[in-house]
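Peer 1: There's a structure below that I have some questions on.
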Amino acid sequence: MAAHQLFSPCILIFLLACLMSTSESFAPTYSSPRTSSSALGAISRREVLQSVTAFSLTAVTSTISPNMAMAAKAPPTAEEFARIKTGYENLTYLLDNFEKETTVCKENGGECKRDADPVRKYLGLRSTQDPLFQIEKVFDKVKYMDLDPDQLDPFFEATEEWNTAQNMSNSMAFISQFGEYNPGGGKEEVLKYLEESKKQVIIAKDALEKIIKVLGL
């Protein structure tokens with residue numbers, strides 16, 4: 001789109017503003033009270049400005065909104081499908097190596113302790129670069145696919161299972177991280193909630209497996 005087309009509403013506002021600011025100096029003198037003429041002038045200027053602003057917003061929105069709407073209603077891309085598969089594979093790896101992945105040791109053979117933060121990372125809750133980061137947005141775009149109607153209920157049930165398990169696992173992992181410092185806590189509390197978090201990861205992985213099966217990935 002040419003630059004003058006995009007910024008023409010702004011130019012129109014500027015020109016009208018200049019016109020209104022200079023019109024007072026050429027306005028004829030009336031015998032009516034000054035307060036009345038000022039009020040009328042203010043109302044007139046305000047109405048013109050509101051009309052021009054509304055026109056400008058309409059012009060700009062009409063050039064942007066269609067593209068945004070089309071993108072929002074598009075089915076998942078190949079890259080987004082790949083994120084689901086990669087996330088599933090990562091969760092499988094986490095469960096197969098759970099103790100290793102959730103154990104942090106100090107350098108030079110120092111003390112080791114269990115840490116639930118990697119669980120949150122594998123679930124896509126720590127970085128925008130994680131494959132499962134806001135993966136629910138990808139799930140939401142599946143409704144724009146030509147999917148077998150008989151597969152819709154299993155798909156949405158699986159996404160609900162994923163959302164619930166992800167939230168629960170995140171909560172348990174968070175509690176585990178501070179279990180040692182809470183009143184009455186200790187290493188036993190850390191392990192207790194870490195294990196609860198693992199149980200939810202299993203459910204989350206199973207939910208992704210169902211989603212992958214429904215989508216034929």
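FYI, nothing fancy with the structure tokens labels: chains A, B, ... in order, residues from 1 per chain, ligands from 1 as they appear.
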Do a neighbour search on segment 176-179 of chain A at 8 Å with only C-alpha atoms, toss out local chain neighbours closer than 2 positions, and write the hits as a list in words.
Peer 2: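 Returned residues: Asp115, Ala116, Asp117, Met172, Ala173, Phe174, Tyr181, Asn182, Gly185, Gly186, Lys187, Glu189, Val190, Leu191, Lys192, Tyr193 and Leu194 of chain A.
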Peer 1: Mind checking DSSP for segment 82-215 of chain A and telling me the alpha helix (DSSP H) residues as a VMD selection string?
Peer 2: chain A and resid 82 to 96 98 to 101 117 to 122 136 to 141 152 to 177 187 to 215
Peer 1: So the first atom is atom CA of Ser169 of chain A and the second is atom CA of Val119 of chain A; what is the distance between them in Å, to one decimal place?
Peer 2: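 Computed distance, atom CA of Ser169 of chain A to atom CA of Val119 of chain A, equals 7.9 Å.
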Peer 1: Go through A:Asp150, A:Ile84, A:Lys198, A:Val138 one by one, measure the shortest atom-to-atom distance of each to Ser171 of chain A using only C-alpha atoms, and give the residue with the smallest value.
Peer 2: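 Using only C-alpha atoms, Ser171 of chain A sits closest to A:Lys198.
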Peer 1: Can you work out the spacing between atom CA of Asn170 of chain A and atom CA of Arg120 of chain A in Å, to one decimal?
Peer 2: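 Between these atoms lies a distance of 5.9 Å.
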Peer 1: From the set A:Ile203, A:Leu147, A:Ala78, A:Cys105, which residue has the shortest atom-to-atom contact distance to Thr164 of chain A, counting only C-alpha atoms?
Peer 2: A:Ile203
Peer 1: Please identify all polymer residues within 10 Å of Glu161 of chain A, counting only C-alpha atoms, omitting same-chain residues fewer than 6 positions from it, and present them as a compact mmCIF listing (two decimals) with N, CA and C atoms, in the first residue's frame.
Peer 2:
```
# COMPACT_ATOMS: atom_id res chain seq x y z
N PHE A 155 -11.36 -34.69 20.45
CA PHE A 155 -10.32 -33.66 20.41
C PHE A 155 -10.51 -32.65 21.53
N GLN A 200 0.71 -35.44 36.96
CA GLN A 200 -0.03 -34.57 36.04
C GLN A 200 0.66 -34.48 34.67
N ILE A 203 -0.57 -37.33 32.63
CA ILE A 203 -1.89 -37.04 32.06
C ILE A 203 -1.78 -36.09 30.88
N ALA A 204 -0.92 -35.08 31.03
CA ALA A 204 -0.72 -34.11 29.96
C ALA A 204 -0.14 -34.78 28.71
N LYS A 205 0.81 -35.66 28.90
CA LYS A 205 1.41 -36.37 27.77
C LYS A 205 0.37 -37.25 27.06
N ASP A 206 -0.45 -37.94 27.85
CA ASP A 206 -1.49 -38.78 27.27
C ASP A 206 -2.50 -37.94 26.48
N ALA A 207 -2.80 -36.75 26.98
CA ALA A 207 -3.72 -35.86 26.28
C ALA A 207 -3.14 -35.43 24.94
N LEU A 208 -1.85 -35.10 24.92
CA LEU A 208 -1.19 -34.73 23.66
C LEU A 208 -1.18 -35.90 22.68
```
Peer 1: Find the spatial neighbours of Leu152 of chain A, counting only C-alpha atoms, within a cut-off of 9 Å - ignore same-chain residues fewer than 4 positions away - and output them as a VMD selection string.
Peer 2: chain A and resid 143 147 to 148 156 to 157 214
Peer 1: Please produce a file of those selected residues containing C-alpha atoms, as a PDB file, in the first residue's frame.
Peer 2:
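Saved result, selection26.pdb, follows:
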```
ATOM      1  CA  LYS A 143     -11.862 -25.630  14.552  1.00  0.00           C
ATOM      2  CA  LEU A 147     -12.000 -32.362  10.638  1.00  0.00           C
ATOM      3  CA  ASP A 148     -14.201 -35.442  10.864  1.00  0.00           C
ATOM      4  CA  PHE A 156     -11.941 -31.100  22.705  1.00  0.00           C
ATOM      5  CA  GLU A 157     -11.985 -33.583  25.589  1.00  0.00           C
ATOM      6  CA  VAL A 214      -7.068 -37.186  16.156  1.00  0.00           C
TER       7      VAL A 214
END
```
Peer 1: Once DSSP has gone over the backbone, tell me which residues of segment 76-199 of chain A are in strand (DSSP E), as a ChimeraX atom specification.
Peer 2: /A:103-105,112-114
Peer 1: Mind pulling up the distance from atom CA of Ser127 of chain A to atom CA of Asn108 of chain A?
Peer 2: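 Separation of atom CA of Asn108 of chain A and atom CA of Ser127 of chain A: 28.6 Å.
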